[in-house]
file work.cif (mmCIF, C-alpha atoms; chains and numbers go by the auth columns)
data_work
loop_
_atom_site.group_PDB
_atom_site.id
_atom_site.type_symbol
_atom_site.label_atom_id
_atom_site.label_comp_id
_atom_site.label_asym_id
_atom_site.label_seq_id
_atom_site.Cartn_x
_atom_site.Cartn_y
_atom_site.Cartn_z
_atom_site.B_iso_or_equiv
_atom_site.auth_seq_id
_atom_site.auth_asym_id
ATOM 1 C CA MET A 1 -14.724 -7.535 -22.052 0.00 1 A
ATOM 2 C CA GLU A 2 -17.690 -9.811 -21.417 0.00 2 A
ATOM 3 C CA LYS A 3 -15.433 -12.319 -19.713 0.00 3 A
ATOM 4 C CA LEU A 4 -14.255 -9.614 -17.283 0.00 4 A
ATOM 5 C CA GLU A 5 -17.843 -9.313 -16.071 0.00 5 A
ATOM 6 C CA GLU A 6 -17.681 -12.743 -14.438 0.00 6 A
ATOM 7 C CA PRO A 7 -16.757 -12.420 -10.720 0.00 7 A
ATOM 8 C CA ARG A 8 -13.977 -15.006 -10.795 0.00 8 A
ATOM 9 C CA ASP A 9 -12.309 -13.339 -13.778 0.00 9 A
ATOM 10 C CA ARG A 10 -12.276 -9.753 -12.499 0.00 10 A
ATOM 11 C CA VAL A 11 -9.052 -7.802 -12.793 0.00 11 A
ATOM 12 C CA CYS A 12 -8.503 -6.121 -9.442 0.00 12 A
ATOM 13 C CA CYS A 13 -5.271 -4.255 -10.215 0.00 13 A
ATOM 14 C CA ILE A 14 -2.672 -3.797 -12.947 0.00 14 A
ATOM 15 C CA ILE A 15 1.006 -3.695 -11.996 0.00 15 A
ATOM 16 C CA TYR A 16 3.288 -2.224 -14.644 0.00 16 A
ATOM 17 C CA ASP A 17 6.689 -0.628 -15.135 0.00 17 A
ATOM 18 C CA SER A 18 7.966 2.250 -17.257 0.00 18 A
ATOM 19 C CA VAL A 19 8.457 0.051 -20.322 0.00 19 A
ATOM 20 C CA MET A 20 4.690 -0.569 -20.426 0.00 20 A
ATOM 21 C CA TYR A 21 3.963 3.112 -21.099 0.00 21 A
ATOM 22 C CA PHE A 22 0.490 2.326 -22.477 0.00 22 A
ATOM 23 C CA ALA A 23 -0.738 0.738 -19.228 0.00 23 A
ATOM 24 C CA GLU A 24 -1.574 4.102 -17.634 0.00 24 A
ATOM 25 C CA ALA A 25 -4.110 4.852 -20.379 0.00 25 A
ATOM 26 C CA VAL A 26 -5.599 1.355 -20.037 0.00 26 A
ATOM 27 C CA VAL A 27 -6.141 1.594 -16.277 0.00 27 A
ATOM 28 C CA ALA A 28 -7.634 5.075 -16.669 0.00 28 A
ATOM 29 C CA HIS A 29 -10.039 3.788 -19.329 0.00 29 A
ATOM 30 C CA LEU A 30 -11.033 0.705 -17.314 0.00 30 A
ATOM 31 C CA LYS A 31 -11.130 2.665 -14.028 0.00 31 A
ATOM 32 C CA ILE A 32 -9.220 0.061 -12.045 0.00 32 A
ATOM 33 C CA PRO A 33 -6.388 0.529 -9.535 0.00 33 A
ATOM 34 C CA SER A 34 -2.799 0.319 -10.681 0.00 34 A
ATOM 35 C CA ILE A 35 0.698 0.125 -9.274 0.00 35 A
ATOM 36 C CA HIS A 36 3.523 1.720 -11.256 0.00 36 A
ATOM 37 C CA TYR A 37 6.667 -0.250 -10.448 0.00 37 A
ATOM 38 C CA HIS A 38 9.746 1.950 -10.927 0.00 38 A
ATOM 39 C CA SER A 39 12.495 -0.515 -11.749 0.00 39 A
ATOM 40 C CA SER A 40 14.617 1.817 -13.861 0.00 40 A
ATOM 41 C CA SER A 41 17.804 3.496 -12.765 0.00 41 A
ATOM 42 C CA ASP A 42 17.921 7.224 -12.099 0.00 42 A
ATOM 43 C CA SER A 43 19.965 7.815 -15.238 0.00 43 A
ATOM 44 C CA TYR A 44 17.314 6.089 -17.387 0.00 44 A
ATOM 45 C CA VAL A 45 14.548 8.233 -15.883 0.00 45 A
ATOM 46 C CA LEU A 46 16.617 11.389 -16.414 0.00 46 A
ATOM 47 C CA ALA A 47 17.249 10.409 -20.049 0.00 47 A
ATOM 48 C CA CYS A 48 13.515 9.830 -20.612 0.00 48 A
ATOM 49 C CA HIS A 49 12.729 13.312 -19.345 0.00 49 A
ATOM 50 C CA ALA A 50 15.595 15.006 -21.223 0.00 50 A
ATOM 51 C CA THR A 51 15.077 13.335 -24.615 0.00 51 A
ATOM 52 C CA PRO A 52 12.035 15.392 -25.771 0.00 52 A
ATOM 53 C CA CYS A 53 13.890 18.628 -24.964 0.00 53 A
ATOM 54 C CA LEU A 54 17.022 17.468 -26.789 0.00 54 A
ATOM 55 C CA LEU A 55 14.940 16.487 -29.830 0.00 55 A
ATOM 56 C CA LYS A 56 13.165 19.857 -29.848 0.00 56 A
ATOM 57 C CA GLN A 57 16.473 21.739 -29.652 0.00 57 A
ATOM 58 C CA GLY A 58 17.967 19.653 -32.481 0.00 58 A
ATOM 59 C CA TYR A 59 20.741 18.019 -30.453 0.00 59 A
ATOM 60 C CA ILE A 60 19.471 14.557 -31.363 0.00 60 A
ATOM 61 C CA PRO A 61 19.536 12.723 -33.662 0.00 61 A
ATOM 62 C CA LEU A 62 23.161 13.520 -34.389 0.00 62 A
ATOM 63 C CA GLN A 63 23.730 14.871 -37.883 0.00 63 A
#

call {"tool": "encode", "arguments": {"input": "work.cif", "output": "structure tokens"}}
result
Amino acid sequence: MEKLEEPRDRVCCIIYDSVMYFAEAVVAHLKIPSIHYHSSSDSYVLACHATPCLLKQGYIPLQ
């Protein structure tokens, strides 16, 4: 963190995609701008949103 204090080493923005799920928490903690690059297909995004519901209802994992 000390090195980030030097002007030439400042991080001005973090660019991340959905695979780097932890990056959102990092940018919030560091209070720096971010760009979330959505490179996934629509079916992948739909599966990510549906999976918690399917787990809760017991449909997955298959028994």

call {"tool": "resolve_selection", "arguments": {"input": "work.cif", "expression": "the PyMOL selection byres ((chain A and resi 15) around 9)", "output": "list in words"}}
result
Cys13, Ile14, Tyr16, Asp17, Ala23, Pro33, Ser34, Ile35, His36 and Tyr37 of chain A

call {"tool": "atom_distance", "arguments": {"input": "work.cif", "atom1": "atom CA of A:Ala25", "atom2": "atom CA of A:His38"}}
result
17.0 Å

call {"tool": "atom_distance", "arguments": {"input": "work.cif", "atom1": "atom CA of A:His49", "atom2": "atom CA of A:Tyr21"}}
result
13.6 Å

call {"tool": "atom_distance", "arguments": {"input": "work.cif", "atom1": "atom CA of A:Met20", "atom2": "atom CA of A:Cys48"}}
result
13.6 Å

call {"tool": "build_atoms", "arguments": {"input": "work.cif", "residues": "stretch 11-26 of chain A", "atoms": "N, CA and C atoms", "output": "PDB file, in the coordinates of the input"}}
result
ATOM      1  N   VAL A  11     -10.393  -8.343 -12.977  1.00  0.00           N
ATOM      2  CA  VAL A  11      -9.052  -7.802 -12.793  1.00  0.00           C
ATOM      3  C   VAL A  11      -9.145  -6.796 -11.661  1.00  0.00           C
ATOM      4  N   CYS A  12      -8.390  -7.014 -10.594  1.00  0.00           N
ATOM      5  CA  CYS A  12      -8.503  -6.121  -9.442  1.00  0.00           C
ATOM      6  C   CYS A  12      -7.444  -5.030  -9.462  1.00  0.00           C
ATOM      7  N   CYS A  13      -6.354  -5.230 -10.203  1.00  0.00           N
ATOM      8  CA  CYS A  13      -5.271  -4.255 -10.215  1.00  0.00           C
ATOM      9  C   CYS A  13      -4.316  -4.595 -11.363  1.00  0.00           C
ATOM     10  N   ILE A  14      -3.697  -3.569 -11.934  1.00  0.00           N
ATOM     11  CA  ILE A  14      -2.672  -3.797 -12.947  1.00  0.00           C
ATOM     12  C   ILE A  14      -1.358  -3.255 -12.406  1.00  0.00           C
ATOM     13  N   ILE A  15      -0.328  -4.092 -12.433  1.00  0.00           N
ATOM     14  CA  ILE A  15       1.006  -3.695 -11.996  1.00  0.00           C
ATOM     15  C   ILE A  15       1.869  -3.586 -13.252  1.00  0.00           C
ATOM     16  N   TYR A  16       2.499  -2.434 -13.434  1.00  0.00           N
ATOM     17  CA  TYR A  16       3.288  -2.224 -14.644  1.00  0.00           C
ATOM     18  C   TYR A  16       4.529  -1.394 -14.346  1.00  0.00           C
ATOM     19  N   ASP A  17       5.483  -1.439 -15.288  1.00  0.00           N
ATOM     20  CA  ASP A  17       6.689  -0.628 -15.135  1.00  0.00           C
ATOM     21  C   ASP A  17       6.759   0.398 -16.259  1.00  0.00           C
ATOM     22  N   SER A  18       7.833   1.149 -16.299  1.00  0.00           N
ATOM     23  CA  SER A  18       7.966   2.250 -17.257  1.00  0.00           C
ATOM     24  C   SER A  18       8.000   1.789 -18.707  1.00  0.00           C
ATOM     25  N   VAL A  19       8.421   0.564 -18.955  1.00  0.00           N
ATOM     26  CA  VAL A  19       8.457   0.051 -20.322  1.00  0.00           C
ATOM     27  C   VAL A  19       7.040  -0.102 -20.873  1.00  0.00           C
ATOM     28  N   MET A  20       6.094  -0.418 -20.013  1.00  0.00           N
ATOM     29  CA  MET A  20       4.690  -0.569 -20.426  1.00  0.00           C
ATOM     30  C   MET A  20       3.990   0.787 -20.343  1.00  0.00           C
ATOM     31  N   TYR A  21       4.461   1.746 -21.148  1.00  0.00           N
ATOM     32  CA  TYR A  21       3.963   3.112 -21.099  1.00  0.00           C
ATOM     33  C   TYR A  21       2.466   3.222 -21.374  1.00  0.00           C
ATOM     34  N   PHE A  22       1.900   2.291 -22.107  1.00  0.00           N
ATOM     35  CA  PHE A  22       0.490   2.326 -22.477  1.00  0.00           C
ATOM     36  C   PHE A  22      -0.434   1.904 -21.341  1.00  0.00           C
ATOM     37  N   ALA A  23       0.099   1.278 -20.307  1.00  0.00           N
ATOM     38  CA  ALA A  23      -0.738   0.738 -19.228  1.00  0.00           C
ATOM     39  C   ALA A  23      -1.493   1.832 -18.482  1.00  0.00           C
ATOM     40  N   GLU A  24      -0.908   3.010 -18.347  1.00  0.00           N
ATOM     41  CA  GLU A  24      -1.574   4.102 -17.634  1.00  0.00           C
ATOM     42  C   GLU A  24      -2.887   4.486 -18.319  1.00  0.00           C
ATOM     43  N   ALA A  25      -2.890   4.536 -19.638  1.00  0.00           N
ATOM     44  CA  ALA A  25      -4.110   4.852 -20.379  1.00  0.00           C
ATOM     45  C   ALA A  25      -5.144   3.738 -20.225  1.00  0.00           C
ATOM     46  N   VAL A  26      -4.691   2.497 -20.186  1.00  0.00           N
ATOM     47  CA  VAL A  26      -5.599   1.355 -20.037  1.00  0.00           C
ATOM     48  C   VAL A  26      -6.289   1.384 -18.682  1.00  0.00           C
TER      49      VAL A  26
END
